[in-house]
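Here is the file upload14.cif (mmCIF, C-alpha atoms).
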```
data_coords
loop_
_atom_site.label_atom_id
_atom_site.label_comp_id
_atom_site.auth_asym_id
_atom_site.auth_seq_id
_atom_site.Cartn_x
_atom_site.Cartn_y
_atom_site.Cartn_z
CA MET V 1185 -8.59 17.67 11.69
CA GLY V 1186 -10.88 15.71 9.43
CA ARG V 1187 -14.53 14.74 9.57
CA PRO V 1188 -15.55 11.95 11.96
CA ALA V 1189 -16.58 8.75 10.24
CA PRO V 1190 -20.30 7.90 9.96
CA ILE V 1191 -19.97 5.15 12.59
CA GLU V 1192 -21.55 5.11 16.05
CA THR V 1193 -19.15 6.69 18.55
CA GLN V 1194 -19.40 3.73 20.93
CA PHE V 1195 -18.05 1.36 18.28
CA VAL V 1196 -15.03 3.61 17.71
CA ASP V 1197 -14.45 3.96 21.46
CA ASP V 1198 -14.53 0.17 21.82
CA LEU V 1199 -12.06 -0.18 18.95
CA LEU V 1200 -9.59 2.07 20.83
CA ARG V 1201 -9.89 0.61 24.30
CA PRO V 1202 -6.65 -0.86 25.79
CA PHE V 1203 -5.45 -4.07 24.21
CA GLY V 1204 -7.16 -7.02 25.85
CA THR V 1205 -10.39 -5.08 26.34
CA SER V 1206 -10.85 -3.58 22.86
CA ARG V 1207 -13.34 -4.85 20.29
CA THR V 1208 -13.18 -5.39 16.54
CA MET V 1209 -15.02 -3.32 13.93
CA PRO V 1210 -18.78 -3.21 13.46
CA ALA V 1211 -20.44 -4.49 10.29
CA ALA V 1212 -20.87 -0.93 8.99
CA ALA V 1213 -17.08 -0.58 8.69
CA TYR V 1214 -17.11 -3.38 6.11
CA ARG V 1215 -20.49 -2.94 4.42
CA SER V 1216 -21.60 0.71 4.50
CA GLN V 1217 -21.29 2.73 1.29
CA GLU V 1218 -21.31 5.86 3.44
CA VAL V 1219 -18.32 4.64 5.44
CA PHE V 1220 -16.55 3.59 2.24
CA ASP V 1221 -17.05 7.03 0.71
CA TRP V 1222 -15.77 8.63 3.92
CA GLU V 1223 -12.62 6.48 3.79
CA GLN V 1224 -12.00 7.43 0.18
CA ALA V 1225 -12.02 11.10 1.18
CA GLU V 1226 -10.50 11.03 4.68
CA VAL V 1227 -8.06 8.11 4.44
CA PHE V 1228 -7.10 7.61 0.80
CA GLY V 1229 -7.55 11.30 -0.04
CA ALA V 1230 -5.85 12.80 3.01
CA GLY V 1231 -2.28 11.47 3.02
CA TRP V 1232 0.29 9.37 1.20
CA VAL V 1233 -1.07 6.38 -0.74
CA CYS V 1234 1.15 3.95 -2.63
CA LEU V 1235 0.66 3.73 -6.40
CA GLY V 1236 3.32 1.09 -7.07
CA ARG V 1237 6.99 0.88 -7.98
CA THR V 1238 8.29 4.10 -9.52
CA ASP V 1239 10.22 2.52 -12.39
CA ASP V 1240 7.39 0.13 -13.14
CA LEU V 1241 4.84 2.92 -13.42
CA LEU V 1242 6.60 4.98 -16.07
CA GLY V 1243 10.02 5.84 -17.45
CA PRO V 1244 11.66 9.15 -18.37
CA GLY V 1245 9.79 11.03 -21.09
CA GLN V 1246 6.50 9.30 -20.32
CA VAL V 1247 3.10 10.19 -18.87
CA ARG V 1248 0.46 7.96 -17.35
CA SER V 1249 -2.96 8.41 -15.81
CA ILE V 1250 -3.96 6.29 -12.80
CA GLU V 1251 -7.35 6.05 -11.11
CA HIS V 1252 -7.25 7.15 -7.49
CA GLY V 1253 -10.58 7.04 -5.72
CA ALA V 1254 -13.14 9.08 -7.62
CA GLU V 1255 -10.56 10.88 -9.75
CA SER V 1256 -7.46 10.22 -11.80
CA VAL V 1257 -3.91 11.40 -11.25
CA LEU V 1258 -1.67 12.31 -14.17
CA LEU V 1259 1.93 11.24 -13.60
CA ALA V 1260 4.61 12.90 -15.71
CA ARG V 1261 8.29 11.96 -15.69
CA ASP V 1262 10.48 14.34 -17.64
CA PRO V 1263 13.44 13.14 -19.74
CA ASP V 1264 15.77 13.76 -16.77
CA GLY V 1265 13.70 11.43 -14.58
CA THR V 1266 11.97 14.01 -12.38
CA MET V 1267 8.48 12.81 -11.40
CA ARG V 1268 5.50 15.11 -10.96
CA GLY V 1269 1.80 14.61 -10.41
CA PHE V 1270 -1.15 16.64 -11.68
CA SER V 1271 -4.91 16.60 -11.64
CA ASN V 1272 -5.79 14.90 -14.92
CA VAL V 1273 -7.86 17.76 -16.36
CA CYS V 1274 -7.13 20.52 -18.83
CA ARG V 1275 -7.28 24.05 -17.41
CA HIS V 1276 -9.43 25.17 -20.35
CA ARG V 1277 -12.70 23.19 -20.20
CA GLY V 1278 -11.77 20.31 -17.88
CA HIS V 1279 -11.32 17.60 -20.50
CA THR V 1280 -9.38 14.51 -19.42
CA LEU V 1281 -5.80 14.91 -20.60
CA VAL V 1282 -4.67 11.26 -20.63
CA GLU V 1283 -6.94 8.23 -20.47
CA VAL V 1284 -6.24 5.76 -17.66
CA GLY V 1285 -3.93 3.04 -18.95
CA ASP V 1286 -0.31 2.23 -19.68
CA ALA V 1287 2.47 4.80 -19.79
CA VAL V 1288 3.01 6.53 -23.14
CA ASP V 1289 5.98 8.36 -24.64
CA VAL V 1290 5.28 12.05 -25.28
CA ARG V 1291 7.07 15.28 -25.98
CA LEU V 1292 4.27 17.39 -24.51
CA ILE V 1293 1.05 16.81 -22.58
CA ARG V 1294 -1.62 17.72 -25.13
CA CYS V 1295 -5.34 17.97 -24.44
CA PRO V 1296 -7.26 15.96 -27.09
CA TYR V 1297 -10.20 18.41 -26.97
CA HIS V 1298 -8.81 21.84 -27.96
CA SER V 1299 -5.08 21.06 -28.17
CA TRP V 1300 -3.88 23.06 -25.23
CA SER V 1301 -0.40 21.68 -24.53
CA TYR V 1302 1.62 21.53 -21.34
CA ARG V 1303 5.26 20.85 -20.49
CA PHE V 1304 6.38 18.08 -18.13
CA ASP V 1305 6.55 20.60 -15.30
CA GLY V 1306 2.86 21.39 -15.82
CA SER V 1307 3.35 24.84 -17.32
CA LEU V 1308 1.13 25.76 -20.24
CA ARG V 1309 3.11 25.89 -23.48
CA SER V 1310 0.41 26.87 -25.93
CA ALA V 1311 -3.33 27.45 -26.24
CA PRO V 1312 -4.40 27.79 -29.89
CA THR V 1313 -6.02 31.17 -30.70
CA MET V 1314 -5.78 32.26 -27.05
CA THR V 1315 -2.14 33.32 -27.30
CA LYS V 1316 -2.53 35.04 -30.66
CA THR V 1317 -5.63 37.15 -30.24
CA LYS V 1318 -5.58 40.73 -29.02
CA THR V 1319 -9.15 40.57 -27.73
CA VAL V 1320 -8.44 38.26 -24.77
CA ASP V 1321 -6.28 39.10 -21.77
CA PHE V 1322 -4.42 35.80 -21.59
CA ASP V 1323 -1.05 34.83 -20.11
CA THR V 1324 0.08 31.19 -20.33
CA ALA V 1325 1.84 31.57 -16.97
CA ASP V 1326 -1.57 31.92 -15.31
CA TRP V 1327 -2.83 28.50 -16.42
CA PRO V 1328 -0.53 25.65 -15.31
CA LEU V 1329 -1.87 22.22 -14.49
CA THR V 1330 -3.05 21.73 -10.92
CA GLN V 1331 -0.22 20.00 -9.12
CA ILE V 1332 -0.66 16.96 -6.86
CA ALA V 1333 2.05 15.90 -4.42
CA VAL V 1334 3.97 12.78 -5.41
CA GLY V 1335 7.03 11.31 -3.78
CA GLY V 1336 9.35 8.36 -4.01
CA TRP V 1337 10.48 6.27 -1.05
CA LEU V 1338 12.72 3.19 -1.27
CA GLY V 1339 11.64 2.62 -4.89
CA TRP V 1340 7.88 3.01 -4.34
CA LEU V 1341 5.82 5.96 -5.58
CA PHE V 1342 3.24 7.66 -3.38
CA VAL V 1343 0.63 10.35 -4.01
CA ASP V 1344 -0.98 12.77 -1.55
CA LEU V 1345 -4.14 14.41 -2.85
CA SER V 1346 -4.36 16.70 0.17
CA GLY V 1347 -0.86 18.14 -0.18
CA ARG V 1348 -0.66 18.28 3.63
CA ALA V 1349 1.11 15.04 4.51
CA ALA V 1350 4.49 15.07 6.26
CA PRO V 1351 7.50 14.09 4.13
CA LEU V 1352 7.59 10.38 3.39
CA PRO V 1353 10.62 9.57 5.60
CA ASP V 1354 8.83 11.24 8.53
CA THR V 1355 5.51 9.56 7.73
CA PHE V 1356 7.14 6.12 7.90
CA ASP V 1357 9.57 7.07 10.64
CA GLY V 1358 11.71 4.24 11.94
CA LEU V 1359 11.05 1.96 8.98
CA SER V 1360 13.76 3.03 6.53
CA ALA V 1361 16.53 1.39 8.56
CA THR V 1362 14.55 -1.84 8.92
CA LEU V 1363 13.89 -2.10 5.19
CA ALA V 1364 17.34 -0.88 4.13
CA ARG V 1365 18.82 -4.30 4.89
CA TYR V 1366 16.76 -5.64 1.95
CA GLU V 1367 17.99 -2.91 -0.43
CA PRO V 1368 14.53 -2.40 -1.96
CA GLU V 1369 15.62 0.34 -4.37
CA ARG V 1370 17.82 -2.05 -6.35
CA LEU V 1371 15.40 -4.97 -6.51
CA VAL V 1372 13.91 -6.24 -9.76
CA GLU V 1373 10.25 -7.14 -10.12
CA VAL V 1374 10.01 -10.58 -11.74
CA ALA V 1375 6.36 -11.54 -11.25
CA ARG V 1376 2.96 -9.98 -10.62
CA HIS V 1377 -0.45 -11.43 -9.83
CA SER V 1378 -3.60 -9.34 -9.68
CA TYR V 1379 -6.61 -10.38 -7.63
CA GLU V 1380 -10.08 -9.00 -7.03
CA VAL V 1381 -11.17 -9.99 -3.54
CA ALA V 1382 -14.87 -9.91 -2.62
CA ALA V 1383 -14.13 -8.31 0.73
CA ASN V 1384 -13.54 -4.91 2.29
CA TRP V 1385 -9.97 -3.61 2.13
CA LYS V 1386 -9.66 -3.53 5.93
CA LEU V 1387 -10.44 -7.26 6.14
CA VAL V 1388 -7.47 -7.90 3.86
CA VAL V 1389 -5.23 -5.76 6.09
CA GLU V 1390 -6.48 -7.39 9.28
CA ASN V 1391 -5.98 -10.91 7.90
CA TYR V 1392 -2.43 -10.00 6.85
CA HIS V 1393 -1.49 -8.80 10.32
CA GLU V 1394 -2.16 -11.99 12.29
CA CYS V 1395 -1.19 -15.64 12.21
CA TYR V 1396 -3.88 -16.74 14.66
CA HIS V 1397 -5.55 -18.32 11.63
CA CYS V 1398 -2.43 -19.92 10.15
CA SER V 1399 -2.64 -23.35 11.75
CA THR V 1400 -6.25 -23.61 10.55
CA ILE V 1401 -6.01 -22.60 6.89
CA HIS V 1402 -2.28 -22.40 5.95
CA PRO V 1403 -0.66 -25.86 6.14
CA GLU V 1404 2.02 -24.85 3.62
CA LEU V 1405 2.98 -21.78 5.62
CA CYS V 1406 3.05 -23.64 8.93
CA SER V 1407 5.45 -26.19 7.47
CA VAL V 1408 8.17 -23.54 7.16
CA THR V 1409 7.47 -21.08 10.00
CA PRO V 1410 5.94 -21.63 13.45
CA PRO V 1411 2.66 -19.67 13.68
CA ASP V 1412 3.44 -18.73 17.29
CA SER V 1413 6.82 -17.16 16.44
CA GLY V 1414 5.43 -13.71 15.63
CA ARG V 1415 6.77 -10.67 17.46
CA ASP V 1416 5.73 -7.05 16.92
CA LEU V 1417 8.01 -4.24 15.90
CA GLU V 1418 7.55 -0.86 17.59
CA PRO V 1419 6.54 1.76 15.00
CA ALA V 1420 7.48 5.41 15.23
CA GLY V 1421 5.52 6.30 12.08
CA LEU V 1422 2.36 5.33 10.24
CA TRP V 1423 3.03 1.64 9.86
CA CYS V 1424 2.74 -1.55 11.86
CA GLY V 1425 4.08 -5.07 11.65
CA GLY V 1426 6.36 -7.68 13.06
CA VAL V 1427 8.60 -10.63 12.30
CA MET V 1428 8.29 -14.40 12.28
CA THR V 1429 11.07 -16.97 12.49
CA LEU V 1430 11.78 -19.70 9.97
CA LYS V 1431 11.91 -23.33 11.06
CA ASP V 1432 15.38 -24.86 11.27
CA HIS V 1433 15.12 -26.68 7.95
CA ALA V 1434 13.77 -23.68 6.01
CA ALA V 1435 15.87 -21.09 4.22
CA THR V 1436 12.84 -19.09 3.10
CA MET V 1437 9.09 -19.22 2.59
CA SER V 1438 8.49 -21.84 -0.11
CA ILE V 1439 6.71 -25.19 -0.35
CA THR V 1440 9.88 -27.07 0.59
CA GLY V 1441 11.57 -24.28 2.55
CA GLU V 1442 14.37 -24.21 -0.03
CA SER V 1443 15.47 -21.01 -1.73
CA GLY V 1444 16.06 -20.63 -5.43
CA GLY V 1445 17.72 -17.22 -5.09
CA CYS V 1446 20.40 -15.29 -3.24
CA ASN V 1447 19.97 -13.83 0.22
CA PHE V 1448 20.08 -10.05 0.46
CA ARG V 1449 23.64 -8.84 0.96
CA PRO V 1450 23.30 -6.80 4.21
CA LEU V 1451 21.49 -9.47 6.25
CA ASN V 1452 23.27 -10.83 9.30
CA PRO V 1453 22.74 -14.48 10.31
CA ASP V 1454 19.87 -13.67 12.69
CA GLN V 1455 18.05 -11.52 10.12
CA ALA V 1456 18.45 -14.28 7.52
CA ARG V 1457 16.27 -16.50 9.75
CA GLN V 1458 13.35 -14.06 9.85
CA VAL V 1459 10.51 -12.84 7.66
CA ALA V 1460 9.21 -9.30 8.27
CA TYR V 1461 5.55 -8.45 7.67
CA ILE V 1462 4.99 -4.70 7.53
CA GLY V 1463 1.88 -2.68 6.65
CA LEU V 1464 2.32 0.91 5.50
CA TRP V 1465 -0.70 3.08 6.15
CA PRO V 1466 -3.03 2.72 4.40
CA ASN V 1467 -2.50 0.36 1.45
CA LEU V 1468 0.94 -1.26 1.06
CA LEU V 1469 1.86 -4.57 2.70
CA ILE V 1470 5.55 -5.51 2.50
CA SER V 1471 6.67 -9.08 3.22
CA ALA V 1472 10.47 -9.18 3.39
CA HIS V 1473 12.06 -12.62 3.18
CA PRO V 1474 15.77 -13.41 3.31
CA ASP V 1475 15.90 -13.74 -0.50
CA TYR V 1476 12.88 -11.85 -1.92
CA ILE V 1477 10.30 -9.20 -1.15
CA MET V 1478 6.62 -9.70 -1.85
CA THR V 1479 4.17 -6.81 -1.68
CA HIS V 1480 0.41 -6.46 -1.69
CA ARG V 1481 -0.89 -3.10 -2.90
CA LEU V 1482 -4.56 -2.59 -2.06
CA VAL V 1483 -7.05 -0.50 -4.05
CA PRO V 1484 -10.54 -0.31 -2.51
CA LEU V 1485 -13.17 -0.66 -5.24
CA ALA V 1486 -16.37 -0.86 -3.19
CA PRO V 1487 -17.36 -1.68 0.40
CA ASP V 1488 -17.16 -5.37 -0.50
CA ARG V 1489 -14.50 -5.42 -3.24
CA THR V 1490 -10.74 -4.83 -3.19
CA PHE V 1491 -8.20 -4.98 -5.99
CA VAL V 1492 -4.90 -6.48 -4.82
CA GLU V 1493 -1.71 -6.20 -6.86
CA CYS V 1494 0.90 -8.67 -5.66
CA ASP V 1495 4.54 -8.24 -6.78
CA TRP V 1496 7.63 -10.39 -6.21
CA MET V 1497 11.05 -8.71 -6.28
CA PHE V 1498 14.55 -10.18 -6.15
CA ALA V 1499 18.11 -8.91 -6.01
CA PRO V 1500 19.94 -8.70 -9.36
CA GLU V 1501 22.28 -11.46 -8.16
CA SER V 1502 19.37 -13.90 -8.05
CA LEU V 1503 18.43 -13.16 -11.66
CA GLU V 1504 22.02 -13.89 -12.71
CA MET V 1505 21.92 -17.43 -11.29
CA ASP V 1506 21.83 -20.25 -13.84
CA GLY V 1507 18.29 -21.53 -14.22
CA PHE V 1508 16.80 -18.99 -11.83
CA ASP V 1509 13.05 -19.51 -11.48
CA PRO V 1510 11.02 -17.34 -9.07
CA GLY V 1511 8.24 -19.93 -9.04
CA TYR V 1512 9.36 -21.29 -5.65
CA ALA V 1513 8.26 -17.98 -4.08
CA VAL V 1514 5.40 -17.06 -6.43
CA ASP V 1515 3.64 -20.43 -6.28
CA PHE V 1516 3.91 -20.62 -2.49
CA TRP V 1517 2.31 -17.22 -1.96
CA ASP V 1518 -0.30 -17.64 -4.68
CA ILE V 1519 -1.58 -20.68 -2.78
CA THR V 1520 -1.48 -18.75 0.50
CA ASN V 1521 -3.15 -15.69 -1.04
CA HIS V 1522 -6.14 -17.72 -2.24
CA GLU V 1523 -6.49 -19.30 1.20
CA ASP V 1524 -6.52 -15.80 2.70
CA TRP V 1525 -8.99 -14.42 0.15
CA ASN V 1526 -11.43 -17.23 0.96
CA ALA V 1527 -11.23 -16.34 4.65
CA CYS V 1528 -11.68 -12.60 4.03
CA GLU V 1529 -14.65 -13.21 1.75
CA SER V 1530 -16.28 -15.43 4.36
CA VAL V 1531 -16.00 -12.68 6.98
CA GLN V 1532 -17.46 -10.21 4.47
CA ARG V 1533 -20.45 -12.49 3.99
CA GLY V 1534 -20.71 -12.94 7.74
CA ALA V 1535 -20.95 -9.18 8.23
CA ALA V 1536 -24.34 -9.26 6.49
CA ASN V 1537 -25.80 -11.51 9.20
CA ARG V 1538 -27.78 -10.14 12.14
CA GLY V 1539 -25.57 -12.11 14.52
CA PHE V 1540 -22.43 -10.23 13.44
CA ALA V 1541 -21.06 -8.05 16.26
CA PRO V 1542 -17.63 -6.71 17.29
CA GLY V 1543 -15.60 -9.37 19.10
CA PRO V 1544 -12.41 -9.54 21.21
CA LEU V 1545 -8.87 -9.76 19.90
CA SER V 1546 -6.63 -12.71 20.72
CA PRO V 1547 -3.17 -12.07 22.24
CA TRP V 1548 -1.92 -13.25 18.83
CA GLU V 1549 -3.71 -10.33 17.14
CA SER V 1550 -1.76 -7.46 18.66
CA THR V 1551 -0.71 -6.15 15.23
CA ILE V 1552 -4.38 -5.85 14.27
CA TYR V 1553 -4.74 -3.69 17.37
CA GLN V 1554 -2.00 -1.44 15.99
CA PHE V 1555 -3.92 -1.09 12.72
CA HIS V 1556 -7.16 -0.48 14.62
CA SER V 1557 -5.53 2.32 16.58
CA MET V 1558 -4.68 4.10 13.33
CA ILE V 1559 -8.05 3.63 11.62
CA GLY V 1560 -9.81 4.39 14.90
CA GLY V 1561 -7.98 7.71 15.20
CA ALA V 1562 -9.06 8.56 11.66
CA TYR V 1563 -12.65 7.53 12.43
CA ARG V 1564 -12.71 10.02 15.30
CA GLY V 1565 -11.81 12.78 12.87
CA GLY V 1566 -8.39 13.32 14.37
CA PRO V 1567 -4.94 12.96 12.80
CA VAL V 1568 -3.69 9.43 12.22
CA ARG V 1569 -0.90 8.77 14.70
CA PRO V 1570 1.67 5.97 15.04
CA PRO V 1571 0.06 2.95 16.70
CA GLN V 1572 0.55 1.96 20.30
CA VAL V 1573 2.16 -1.44 20.79
CA PRO V 1574 1.10 -3.51 23.83
CA GLN V 1575 4.13 -3.86 26.10
CA SER V 1576 4.06 -7.66 26.09
CA THR V 1577 4.49 -7.82 22.31
CA ARG V 1578 7.34 -5.40 21.82
CA LEU V 1579 10.54 -6.55 20.17
CA GLU V 1580 12.99 -3.72 20.70
CA ASP V 1581 15.81 -4.85 18.44
CA VAL V 1582 14.88 -7.34 15.78
CA GLY V 1583 17.78 -9.43 14.53
CA GLY V 1584 20.48 -7.23 16.03
#
```
Hey, can you dump this file as structure tokens for me?
Amino acid sequence: MGRPAPIETQFVDDLLRPFGTSRTMPAAAYRSQEVFDWEQAEVFGAGWVCLGRTDDLLGPGQVRSIEHGAESVLLARDPDGTMRGFSNVCRHRGHTLVEVGDAVDVRLIRCPYHSWSYRFDGSLRSAPTMTKTKTVDFDTADWPLTQIAVGGWLGWLFVDLSGRAAPLPDTFDGLSATLARYEPERLVEVARHSYEVAANWKLVVENYHECYHCSTIHPELCSVTPPDSGRDLEPAGLWCGGVMTLKDHAATMSITGESGGCNFRPLNPDQARQVAYIGLWPNLLISAHPDYIMTHRLVPLAPDRTFVECDWMFAPESLEMDGFDPGYAVDFWDITNHEDWNACESVQRGAANRGFAPGPLSPWESTIYQFHSMIGGAYRGGPVRPPQVPQSTRLEDVGG
């Protein structure tokens, strides 16, 4: 059990009322530094959080330090490819071992302060003067780096600062089979856009999980998929999402609806007419199209600022096509992303007004309710549980 969030109990109770009677979040959830700090500790510091694609982060024989909340995590991948995570501090005097930045090739992890050196498995190899003097009772076996849980799942790398999270397949129970049809582990990243959105991270998640706004601000999107075609999946793990159907003329999500790549090999005809939108708790959004996957990885920076890393991935067969250009997918979603960021930033500004108050959810916002049920459980100080899906929105078997 964790600590309850510093939000009035009534607001959390209203968030968790049955769908159709529940209310949205109060302004404090988007603006309060106290709530933000609580989320860093009890959400992003208490379970699996996605850091990115494993192979993109670092290769064999490399180390890399990545900021994660108020601290940094040292990733080490030994020459055989085994990945480990450590607290990025030397066991001697606490000096930072590796500065945050790109991956670097190393033979050992060496502290730049007093040259204590560690192996890829975190064991201490040498500590100058300490291992040679007779006046100090010192055994290198007693001073390994502090380990942090890391794990790979379908090509993505996750970190768990608490060390208490369930195994990744159990955490995202029921999702592996759905994503397997897109073969994510073999996909190749071909483009990346980074954004800094002047809005709270939860506003980005909420916007992603509904198309109630699509006919108002997304003309390009509505030209290739009907905004009322969304249907929820039924999660068994810590995720939520659903599918939308492409219009008859569209092969994928692009300005024209045309595809410039190859469809994923395992898709059946029904699945090739759908786009899946899935949010992994708490910070990875996976949009699976018939011919590419786009992801948004969220990093909360402040109550009103979120870093978003957007990647586009294709099957190797697409890259082998003559004249292949991923721009048909990248340009479409870059336009859509900016439309979404404008909306999220407007809500963030609205939360500063005295007239801002929790409102009702539309029947088209049932996936937001799923997300609210997870964050609401965390706000109560309890364990985060798989969301409840309103009966009227369930889609038991998507695409056969």
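Residue membership of the PyMOL selection byres ((chain V and resi 1551) around 8) in the shown file amounts to V:His1393, V:Glu1394, V:Asp1416, V:Cys1424, V:Gly1425, V:Gly1426, V:Glu1549, V:Ser1550, V:Ile1552, V:Tyr1553, V:Gln1554, V:Phe1555, V:Val1573.
The residue that comes closest to Phe1322 (chain V), out of V:Ser1256, V:Ala1460, V:Ala1434, V:Ser1310 and on the basis of all atoms listed in the file, is V:Ser1310.
Distances from V:Pro1487, V:Pro1353, V:Gly1243, V:Pro1263 to Ala1535 (chain V) were compared using all atoms listed in the file, and the smallest one belongs to V:Pro1487.
Shell of Trp1327 (chain V) at 8 Å, with all atoms listed in the file counted and residues fewer than 2 places along the chain excluded, is Arg1275, Ser1307, Leu1308, Asp1323, Thr1324, Ala1325 and Leu1329 of chain V.
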Kindly give the distance, in Å, that separates CA of Ile1332 (chain V) and CA of Leu1345 (chain V), rounded to a single decimal. 5.9 Å
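Using all atoms listed in the file, the shortest contact distance between Ala1211 (chain V) and any of V:Thr1266, V:Thr1520, V:Thr1490, V:Asn1384 is found at V:Asn1384.
Between Ile1559 (chain V) and the candidates V:Val1389, V:Ala1456, V:Leu1241, V:Ala1361, the tightest atom-to-atom separation, counting all atoms listed in the file, involves V:Val1389.
Counting only C-alpha atoms and comparing V:Asp1344, V:Asp1515, V:Glu1529, V:Glu1523, the residue that lies closest to Cys1234 (chain V) is V:Asp1344.
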Within 12 Å of Pro1312 (chain V) using all atoms listed in the file, minus same-chain residues under 4 positions, as number ranges by chain: V: 1276, 1294-1295, 1297-1301, 1308, 1316-1317, 1322, 1324
Could you expand the PyMOL selection byres ((chain V and resi 1195) around 10) into the explicit residues it covers here, written as a ChimeraX atom specification? /V:1191-1194,1196-1200,1206-1210,1212-1213,1542,1560
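Put simply, CA of Ser1546 (chain V) is 17.6 Å away from CA of Val1388 (chain V).
You will find CA of Ala1541 (chain V) at 20.5 Å from CA of Gly1561 (chain V).
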Any chance you could work out the residue set of the PyMOL selection byres ((chain V and resi 1482) around 9) here, as a PyMOL selection string? chain V and resi 1234+1385+1388-1389+1466-1469+1480-1481+1483-1484+1490-1494
